[in-house]
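S.K.: Have a look at this one before I ask anything.
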Amino acid sequence: MGVLDIVPAGVLTSDQTRKLFEYVRAEKFAIPAINVISSSTANAVLEAARDIKSPIIIQVSQGGSAYFAGKGLTNGNQEASIIGAIAAAKHVRTVAKSFGV
(Lines give C-alpha, C1' and ligand atoms only; values in the text may rest on other atoms or scores of the structure.)
Protein backbone atom coordinates (compact mmCIF):
# COMPACT_ATOMS: atom_id res chain seq x y z
CA MET A 1 0.00 0.00 0.00
CA GLY A 2 1.28 3.48 -0.85
CA VAL A 3 0.40 7.02 0.12
CA LEU A 4 -1.98 7.44 -2.82
CA ASP A 5 -3.98 4.48 -1.51
CA ILE A 6 -4.58 6.52 1.65
CA VAL A 7 -5.18 10.02 0.26
CA PRO A 8 -5.63 11.54 -3.21
CA ALA A 9 -2.99 13.59 -5.00
CA GLY A 10 -3.34 17.33 -4.54
CA VAL A 11 -3.96 19.67 -1.64
CA LEU A 12 -5.37 17.74 1.30
CA THR A 13 -8.20 18.52 3.70
CA SER A 14 -7.58 18.38 7.44
CA ASP A 15 -9.12 14.88 7.68
CA GLN A 16 -6.96 13.63 4.81
CA THR A 17 -3.88 15.16 6.41
CA ARG A 18 -4.64 13.35 9.66
CA LYS A 19 -4.95 10.04 7.77
CA LEU A 20 -1.67 10.72 5.98
CA PHE A 21 0.16 11.52 9.24
CA GLU A 22 -1.20 8.35 10.84
CA TYR A 23 0.07 6.35 7.86
CA VAL A 24 3.56 7.85 7.84
CA ARG A 25 3.85 7.40 11.60
CA ALA A 26 2.92 3.72 11.28
CA GLU A 27 5.31 3.25 8.34
CA LYS A 28 8.06 5.22 10.12
CA PHE A 29 8.97 7.82 7.53
CA ALA A 30 8.80 11.61 7.40
CA ILE A 31 7.30 14.05 4.94
CA PRO A 32 9.62 16.94 4.07
CA ALA A 33 8.30 20.47 4.59
CA ILE A 34 9.73 22.98 2.13
CA ASN A 35 9.46 26.74 2.62
CA VAL A 36 8.76 28.58 -0.65
CA ILE A 37 8.92 32.29 -1.47
CA SER A 38 7.84 32.39 -5.12
CA SER A 39 5.92 30.50 -7.76
CA SER A 40 9.25 29.30 -9.15
CA THR A 41 10.30 27.70 -5.87
CA ALA A 42 6.82 26.21 -5.40
CA ASN A 43 6.97 24.72 -8.90
CA ALA A 44 10.42 23.26 -8.22
CA VAL A 45 9.12 21.55 -5.08
CA LEU A 46 6.09 20.16 -6.94
CA GLU A 47 8.34 18.87 -9.72
CA ALA A 48 10.64 17.18 -7.21
CA ALA A 49 7.69 15.57 -5.42
CA ARG A 50 6.44 14.24 -8.73
CA ASP A 51 9.84 12.92 -9.77
CA ILE A 52 10.54 11.08 -6.52
CA LYS A 53 6.89 10.08 -6.01
CA SER A 54 6.78 11.45 -2.49
CA PRO A 55 4.31 13.55 -0.55
CA ILE A 56 5.57 16.97 0.49
CA ILE A 57 4.42 19.86 2.62
CA ILE A 58 4.71 23.28 1.00
CA GLN A 59 4.80 26.10 3.50
CA VAL A 60 5.26 29.86 3.44
CA SER A 61 6.61 32.02 6.24
CA GLN A 62 5.28 35.46 7.06
CA GLY A 63 8.14 37.11 5.20
CA GLY A 64 8.05 34.57 2.39
CA SER A 65 4.37 35.13 1.81
CA ALA A 66 4.93 38.90 1.67
CA TYR A 67 7.69 38.31 -0.89
CA PHE A 68 5.32 36.03 -2.86
CA ALA A 69 2.87 38.97 -3.08
CA GLY A 70 5.55 41.33 -4.34
CA LYS A 71 7.87 43.94 -2.92
CA GLY A 72 5.63 46.77 -4.11
CA LEU A 73 3.07 46.08 -1.36
CA THR A 74 3.38 47.47 2.15
CA ASN A 75 3.17 45.02 5.02
CA GLY A 76 2.38 47.34 7.93
CA ASN A 77 -0.74 45.45 8.95
CA GLN A 78 0.41 42.16 7.41
CA GLU A 79 -1.57 42.87 4.22
CA ALA A 80 1.19 41.65 1.92
CA SER A 81 1.77 38.52 4.03
CA ILE A 82 -1.93 37.66 3.97
CA ILE A 83 -2.36 38.31 0.25
CA GLY A 84 0.86 36.45 -0.54
CA ALA A 85 -0.15 33.42 1.53
CA ILE A 86 -3.50 33.26 -0.26
CA ALA A 87 -1.82 33.68 -3.66
CA ALA A 88 0.71 30.95 -2.83
CA ALA A 89 -2.02 28.56 -1.71
CA LYS A 90 -4.09 29.18 -4.84
CA HIS A 91 -1.02 28.76 -7.05
CA VAL A 92 0.00 25.48 -5.43
CA ARG A 93 -3.55 24.11 -5.51
CA THR A 94 -3.88 24.93 -9.22
CA VAL A 95 -0.44 23.83 -10.41
CA ALA A 96 -0.22 20.67 -8.26
CA LYS A 97 -2.90 19.06 -10.42
CA SER A 98 -0.76 19.51 -13.53
CA PHE A 99 2.20 17.88 -11.79
CA GLY A 100 -0.01 15.01 -10.61
CA VAL A 101 0.88 15.54 -6.97
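Starting from 1 in every chain, residues are counted up; chains themselves are A, B, ... following the order of the C-alpha coordinates, and ligands are numbered from 1 as listed.
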Please report as a tab-separated table every residue of stretch 34-86 of chain A lying within 10 Å of stretch 4-24 of chain A, along with the nearest atom pair and their distance in Å (one decimal), using only C-alpha atoms.

M.R.:
residue	atom	partner	partner_atom	distance
A:Lys53	CA	A:Leu4	CA	9.8
A:Ser54	CA	A:Leu4	CA	9.6
A:Pro55	CA	A:Ala9	CA	8.6
A:Ile57	CA	A:Val11	CA	9.4
A:Ile58	CA	A:Val11	CA	9.7

S.K.: Excluding stretch 34-48 of chain A and residues on its chain fewer than 5 positions from it, collect all residues at most 12 Å away from it, counting only C-alpha atoms, and give them as a PyMOL selection string.

M.R.: chain A and resi 9-11+53-71+81+84-85+87-101

S.K.: Output as a PyMOL selection string all residues of chain A that backbone DSSP marks as strand (DSSP E or B).

M.R.: chain A and resi 33-35+57-59

S.K.: Would you mind writing down, as a VMD selection string, each residue of chain A that DSSP on the backbone assigns to alpha helix (DSSP H)?

M.R.: chain A and resid 3 to 6 14 to 27 39 to 52 62 to 69 79 to 99
